[in-house]
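Have a look at the structure below before the remarks.
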Amino acid sequence: MSVQQRKERERADRERLIVATARELAEQQGWDAVTTRRLAERIEYSQPVLYSHFRGKREIIGAVALQGAAEMAVAVRTAASRANSPRERVAALARAYLDFATSNPAVYDAMFQLDGGLAFAHEDTPEPLKDAFAALLETLGEVAGDGVHPGLFTETFWAALHGLATLTRAGRLPPEHTEWRVELLVDRLAIT
């Protein structure tokens, strides 16, 4: 391995460590606890080293969001692939999405609530975000219905899932009714 390759590998390792540490700290204490000073202390590097990877917290949030989008895409695809019918696939996708939001609240916030400097629904949207939407579209597009644009249908279903996730996490909807809500969403919106 050349010196340049070793330096690139070490840089990538440091970047992964910064993102993992930010994510861990955010999940434990919330995003307000994530500061460059605290991250530098936790990873045992100076703040200038941290700034050589990310210009600040916003870019770190963006990196966590991209990682989360990739994980969510895998989760919904895996869940949908285990189902046998369109209805079961949509219900499995919905459950996987809501489970992801519940299990990874700080990551979910990085993806959809906080400013990570990422463009959504644009030409320059980062690939992990496009792929997360594609993971939803793969299942939801098959049930959109005649004359319904699959992308618009997916956006609408996604908005409903996001609303359920956000309202449940905020204590506005009782979590014990989540399965009932999924069934209503699937029966009334997705499967007609």
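Chain identifiers are assigned as A, B, and so on, following the order in which chains appear in the structure tokens; residues are numbered from 1 within each chain, and ligands are numbered from 1 in order of appearance.
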
* To do: Determine which residues of segment 5-187 of chain A DSSP labels as alpha helix (DSSP H) from the backbone of this structure, then write them out as a ChimeraX atom specification.
  => /A:5-29,36-43,47-53,57-81,86-103,105-112,127-140,150-169,178-185

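Residues in contact with Gly171 of chain A at 12 Å, where only C-alpha atoms are counted and same-chain residues fewer than 6 positions away are skipped, are listed as Thr102, Leu164 and Ala165 of chain A.
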
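The protein and nucleic acid residues lying at most 12 Å from segment 128-131 of chain A are Gly62, Ala63, Val64, Ala65, Leu66, Gln67, Gly68, Ala69, Ala70, Glu71, Met72, Ala73, Val74, Val76, Arg77, Met111, Phe112, Leu118, Ala119, Phe120, Ala121, His122, Glu123, Asp124, Ala135, Leu136, Leu137, Glu138 and Gly151 of chain A, with only C-alpha atoms considered and sequence neighbours fewer than 4 positions away removed.
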
Mind dumping the selected residues with C-alpha atoms as a PDB file, in the first residue's frame?
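Wrote selection.pdb, looks like this:
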ATOM      1  CA  GLY A  62     -25.877  15.737   6.346  1.00  0.00           C
ATOM      2  CA  ALA A  63     -23.446  12.831   6.566  1.00  0.00           C
ATOM      3  CA  VAL A  64     -25.610  11.147   9.215  1.00  0.00           C
ATOM      4  CA  ALA A  65     -28.677  11.743   7.039  1.00  0.00           C
ATOM      5  CA  LEU A  66     -27.034  10.085   4.037  1.00  0.00           C
ATOM      6  CA  GLN A  67     -26.009   7.106   6.136  1.00  0.00           C
ATOM      7  CA  GLY A  68     -29.544   6.877   7.525  1.00  0.00           C
ATOM      8  CA  ALA A  69     -31.104   7.064   4.071  1.00  0.00           C
ATOM      9  CA  ALA A  70     -28.980   4.134   2.931  1.00  0.00           C
ATOM     10  CA  GLU A  71     -29.984   2.130   6.010  1.00  0.00           C
ATOM     11  CA  MET A  72     -33.660   2.970   5.607  1.00  0.00           C
ATOM     12  CA  ALA A  73     -33.571   1.903   1.949  1.00  0.00           C
ATOM     13  CA  VAL A  74     -32.183  -1.477   2.976  1.00  0.00           C
ATOM     14  CA  VAL A  76     -37.807  -1.118   3.544  1.00  0.00           C
ATOM     15  CA  ARG A  77     -36.513  -3.238   0.659  1.00  0.00           C
ATOM     16  CA  MET A 111     -32.807  12.979   7.489  1.00  0.00           C
ATOM     17  CA  PHE A 112     -36.052  14.937   7.651  1.00  0.00           C
ATOM     18  CA  LEU A 118     -28.865  18.299   1.384  1.00  0.00           C
ATOM     19  CA  ALA A 119     -31.044  18.892  -1.656  1.00  0.00           C
ATOM     20  CA  PHE A 120     -34.172  16.778  -1.937  1.00  0.00           C
ATOM     21  CA  ALA A 121     -36.045  16.217  -5.210  1.00  0.00           C
ATOM     22  CA  HIS A 122     -33.427  18.015  -7.339  1.00  0.00           C
ATOM     23  CA  GLU A 123     -30.899  16.965  -9.942  1.00  0.00           C
ATOM     24  CA  ASP A 124     -28.116  17.297  -7.374  1.00  0.00           C
ATOM     25  CA  ALA A 135     -36.923   1.915  -2.300  1.00  0.00           C
ATOM     26  CA  LEU A 136     -40.362   3.320  -1.497  1.00  0.00           C
ATOM     27  CA  LEU A 137     -41.295   3.750  -5.154  1.00  0.00           C
ATOM     28  CA  GLU A 138     -40.441   0.133  -6.023  1.00  0.00           C
ATOM     29  CA  GLY A 151     -43.889   9.177  -8.040  1.00  0.00           C
TER      30      GLY A 151
END

If you count only C-alpha atoms, which residues fall within 10 Å of Asn104 of chain A, apart from same-chain ones fewer than 2 positions away, as a JSON list (two decimals) with all heavy atoms, in the first residue's frame?
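What follows is the written file selection_8.json:
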[["chain", "number", "residue", "atom", "x", "y", "z"],
["A", 23, "ARG", "N", -23.51, 10.51, 15.58],
["A", 23, "ARG", "CA", -24.77, 9.75, 15.60],
["A", 23, "ARG", "C", -25.03, 9.18, 16.99],
["A", 23, "ARG", "O", -26.14, 9.30, 17.52],
["A", 23, "ARG", "CB", -24.68, 8.65, 14.55],
["A", 23, "ARG", "CG", -25.92, 7.85, 14.40],
["A", 23, "ARG", "CD", -25.77, 6.88, 13.26],
["A", 23, "ARG", "NE", -26.89, 5.98, 13.23],
["A", 23, "ARG", "CZ", -27.19, 5.21, 12.20],
["A", 23, "ARG", "NH1", -26.43, 5.23, 11.11],
["A", 23, "ARG", "NH2", -28.23, 4.42, 12.24],
["A", 26, "ALA", "N", -25.91, 12.02, 19.38],
["A", 26, "ALA", "CA", -27.25, 12.54, 19.08],
["A", 26, "ALA", "C", -28.33, 11.58, 19.55],
["A", 26, "ALA", "O", -29.36, 12.01, 20.10],
["A", 26, "ALA", "CB", -27.40, 12.82, 17.59],
["A", 27, "GLU", "N", -28.12, 10.28, 19.37],
["A", 27, "GLU", "CA", -29.11, 9.30, 19.82],
["A", 27, "GLU", "C", -29.20, 9.27, 21.35],
["A", 27, "GLU", "O", -30.28, 9.09, 21.90],
["A", 27, "GLU", "CB", -28.81, 7.90, 19.28],
["A", 27, "GLU", "CG", -28.98, 7.74, 17.78],
["A", 27, "GLU", "CD", -30.41, 7.82, 17.25],
["A", 27, "GLU", "OE1", -31.36, 8.05, 18.03],
["A", 27, "GLU", "OE2", -30.58, 7.69, 16.03],
["A", 68, "GLY", "N", -28.21, 7.33, 7.14],
["A", 68, "GLY", "CA", -29.54, 6.88, 7.53],
["A", 68, "GLY", "C", -30.41, 6.54, 6.33],
["A", 68, "GLY", "O", -31.15, 5.55, 6.34],
["A", 72, "MET", "N", -32.21, 3.06, 5.76],
["A", 72, "MET", "CA", -33.66, 2.97, 5.61],
["A", 72, "MET", "C", -34.03, 2.27, 4.30],
["A", 72, "MET", "O", -34.96, 1.46, 4.26],
["A", 72, "MET", "CB", -34.30, 4.35, 5.66],
["A", 72, "MET", "CG", -35.82, 4.28, 5.72],
["A", 72, "MET", "SD", -36.60, 5.89, 5.72],
["A", 72, "MET", "CE", -36.41, 6.31, 3.99],
["A", 98, "LEU", "N", -41.76, 3.04, 9.74],
["A", 98, "LEU", "CA", -42.11, 3.52, 11.08],
["A", 98, "LEU", "C", -41.17, 2.95, 12.14],
["A", 98, "LEU", "O", -40.78, 3.65, 13.08],
["A", 98, "LEU", "CB", -43.57, 3.21, 11.39],
["A", 98, "LEU", "CG", -44.58, 3.94, 10.50],
["A", 98, "LEU", "CD1", -45.99, 3.42, 10.75],
["A", 98, "LEU", "CD2", -44.50, 5.44, 10.69],
["A", 99, "ASP", "N", -40.79, 1.69, 11.98],
["A", 99, "ASP", "CA", -39.82, 1.08, 12.92],
["A", 99, "ASP", "C", -38.48, 1.80, 12.84],
["A", 99, "ASP", "O", -37.84, 2.03, 13.86],
["A", 99, "ASP", "CB", -39.63, -0.41, 12.63],
["A", 99, "ASP", "CG", -40.83, -1.26, 13.03],
["A", 99, "ASP", "OD1", -41.72, -0.75, 13.75],
["A", 99, "ASP", "OD2", -40.88, -2.42, 12.60],
["A", 100, "PHE", "N", -38.05, 2.13, 11.63],
["A", 100, "PHE", "CA", -36.79, 2.84, 11.46],
["A", 100, "PHE", "C", -36.85, 4.19, 12.17],
["A", 100, "PHE", "O", -35.92, 4.57, 12.89],
["A", 100, "PHE", "CB", -36.45, 3.04, 9.97],
["A", 100, "PHE", "CG", -35.15, 3.74, 9.76],
["A", 100, "PHE", "CD1", -33.97, 3.02, 9.70],
["A", 100, "PHE", "CD2", -35.09, 5.13, 9.65],
["A", 100, "PHE", "CE1", -32.75, 3.67, 9.53],
["A", 100, "PHE", "CE2", -33.88, 5.78, 9.48],
["A", 100, "PHE", "CZ", -32.70, 5.04, 9.43],
["A", 101, "ALA", "N", -37.94, 4.93, 11.99],
["A", 101, "ALA", "CA", -38.08, 6.24, 12.62],
["A", 101, "ALA", "C", -38.07, 6.12, 14.14],
["A", 101, "ALA", "O", -37.47, 6.95, 14.83],
["A", 101, "ALA", "CB", -39.37, 6.91, 12.14],
["A", 102, "THR", "N", -38.71, 5.08, 14.66],
["A", 102, "THR", "CA", -38.77, 4.87, 16.11],
["A", 102, "THR", "C", -37.43, 4.43, 16.67],
["A", 102, "THR", "O", -37.00, 4.90, 17.73],
["A", 102, "THR", "CB", -39.85, 3.81, 16.44],
["A", 102, "THR", "OG1", -41.11, 4.29, 15.96],
["A", 102, "THR", "CG2", -39.94, 3.56, 17.93],
["A", 106, "ALA", "N", -32.66, 10.15, 16.23],
["A", 106, "ALA", "CA", -31.73, 11.22, 15.87],
["A", 106, "ALA", "C", -31.36, 11.15, 14.38],
["A", 106, "ALA", "O", -31.22, 12.17, 13.72],
["A", 106, "ALA", "CB", -30.47, 11.17, 16.73],
["A", 107, "VAL", "N", -31.22, 9.96, 13.87],
["A", 107, "VAL", "CA", -30.94, 9.79, 12.45],
["A", 107, "VAL", "C", -32.14, 10.26, 11.62],
["A", 107, "VAL", "O", -31.99, 10.96, 10.63],
["A", 107, "VAL", "CB", -30.58, 8.32, 12.12],
["A", 107, "VAL", "CG1", -30.44, 8.10, 10.63],
["A", 107, "VAL", "CG2", -29.31, 7.91, 12.85],
["A", 108, "TYR", "N", -33.33, 9.87, 12.07],
["A", 108, "TYR", "CA", -34.55, 10.31, 11.37],
["A", 108, "TYR", "C", -34.64, 11.83, 11.36],
["A", 108, "TYR", "O", -34.97, 12.44, 10.34],
["A", 108, "TYR", "CB", -35.78, 9.68, 12.03],
["A", 108, "TYR", "CG", -37.03, 9.84, 11.20],
["A", 108, "TYR", "CD1", -37.30, 8.97, 10.15],
["A", 108, "TYR", "CD2", -37.94, 10.87, 11.45],
["A", 108, "TYR", "CE1", -38.44, 9.12, 9.37],
["A", 108, "TYR", "CE2", -39.07, 11.03, 10.68],
["A", 108, "TYR", "CZ", -39.33, 10.15, 9.64],
["A", 108, "TYR", "OH", -40.44, 10.31, 8.87],
["A", 109, "ASP", "N", -34.32, 12.45, 12.49],
["A", 109, "ASP", "CA", -34.32, 13.92, 12.54],
["A", 109, "ASP", "C", -33.29, 14.50, 11.57],
["A", 109, "ASP", "O", -33.56, 15.49, 10.90],
["A", 109, "ASP", "CB", -34.03, 14.41, 13.96],
["A", 109, "ASP", "CG", -35.21, 14.24, 14.89],
["A", 109, "ASP", "OD1", -36.34, 13.98, 14.42],
["A", 109, "ASP", "OD2", -34.99, 14.36, 16.11],
["A", 110, "ALA", "N", -32.11, 13.88, 11.51],
["A", 110, "ALA", "CA", -31.08, 14.35, 10.57],
["A", 110, "ALA", "C", -31.58, 14.25, 9.13],
["A", 110, "ALA", "O", -31.31, 15.13, 8.31],
["A", 110, "ALA", "CB", -29.79, 13.56, 10.75]]

* Residues within 9 Å of Thr35 of chain A, only C-alpha atoms, excluding chain neighbours under 6 positions, as a PyMOL selection string -> chain A and resi 22+56-57

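The shortest atom-to-atom distance to Leu189 of chain A, with only C-alpha atoms taken into account, belongs to A:Ala144 out of A:Leu167, A:Ala144, A:Val3, A:Leu152.
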
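Proximity ranking of A:Val186, A:Ile60, A:Gln47, A:Ala33 relative to Ala20 of chain A places A:Ile60 first, based on only C-alpha atoms.
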
* Length of the atom CA of Thr154 of chain A to atom CA of Ala92 of chain A vector [Å] -> 14.9 Å

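Between Leu140 of chain A and the candidates A:Pro126, A:Gly163, A:Pro86, A:Ala96, the tightest atom-to-atom separation, counting only C-alpha atoms, involves A:Pro86.
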
Can you write out as a tab-separated table which residues of segment 29-146 of chain A fall within 10 Å of segment 8-12 of chain A, alongside each residue's closest atom pair and its distance in Å to one decimal, counting only C-alpha atoms and ordering rows by chain and ascending residue number?
residue	atom	partner	partner_atom	distance
A:Val49	CA	A:Arg11	CA	9.9
A:Ser52	CA	A:Arg11	CA	9.6
A:His53	CA	A:Arg11	CA	8.2

Any chance you can output those residues with N, CA and C atoms as a PDB file, in the first residue's frame?
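Once written, part_15.pdb looks like this:
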ATOM      1  N   VAL A  49      -8.704  19.089  13.071  1.00  0.00           N
ATOM      2  CA  VAL A  49      -8.785  17.824  12.330  1.00  0.00           C
ATOM      3  C   VAL A  49     -10.235  17.558  11.944  1.00  0.00           C
ATOM      4  N   SER A  52     -11.212  19.618   9.140  1.00  0.00           N
ATOM      5  CA  SER A  52     -10.617  19.221   7.867  1.00  0.00           C
ATOM      6  C   SER A  52     -11.506  18.203   7.135  1.00  0.00           C
ATOM      7  N   HIS A  53     -12.452  17.613   7.857  1.00  0.00           N
ATOM      8  CA  HIS A  53     -13.399  16.660   7.269  1.00  0.00           C
ATOM      9  C   HIS A  53     -14.760  17.301   6.998  1.00  0.00           C
TER      10      HIS A  53
END

* So which residues touch Leu93 of chain A within 7 Å, counting only C-alpha atoms, skipping near sequence neighbours fewer than 4 positions away, as a PyMOL selection string? -> chain A and resi 76+79-80+89+97

* To do: Calculate how many Å separate atom CA of Phe133 of chain A from atom CA of Thr21 of chain A, rounding to one decimal.
  => 26.3 Å
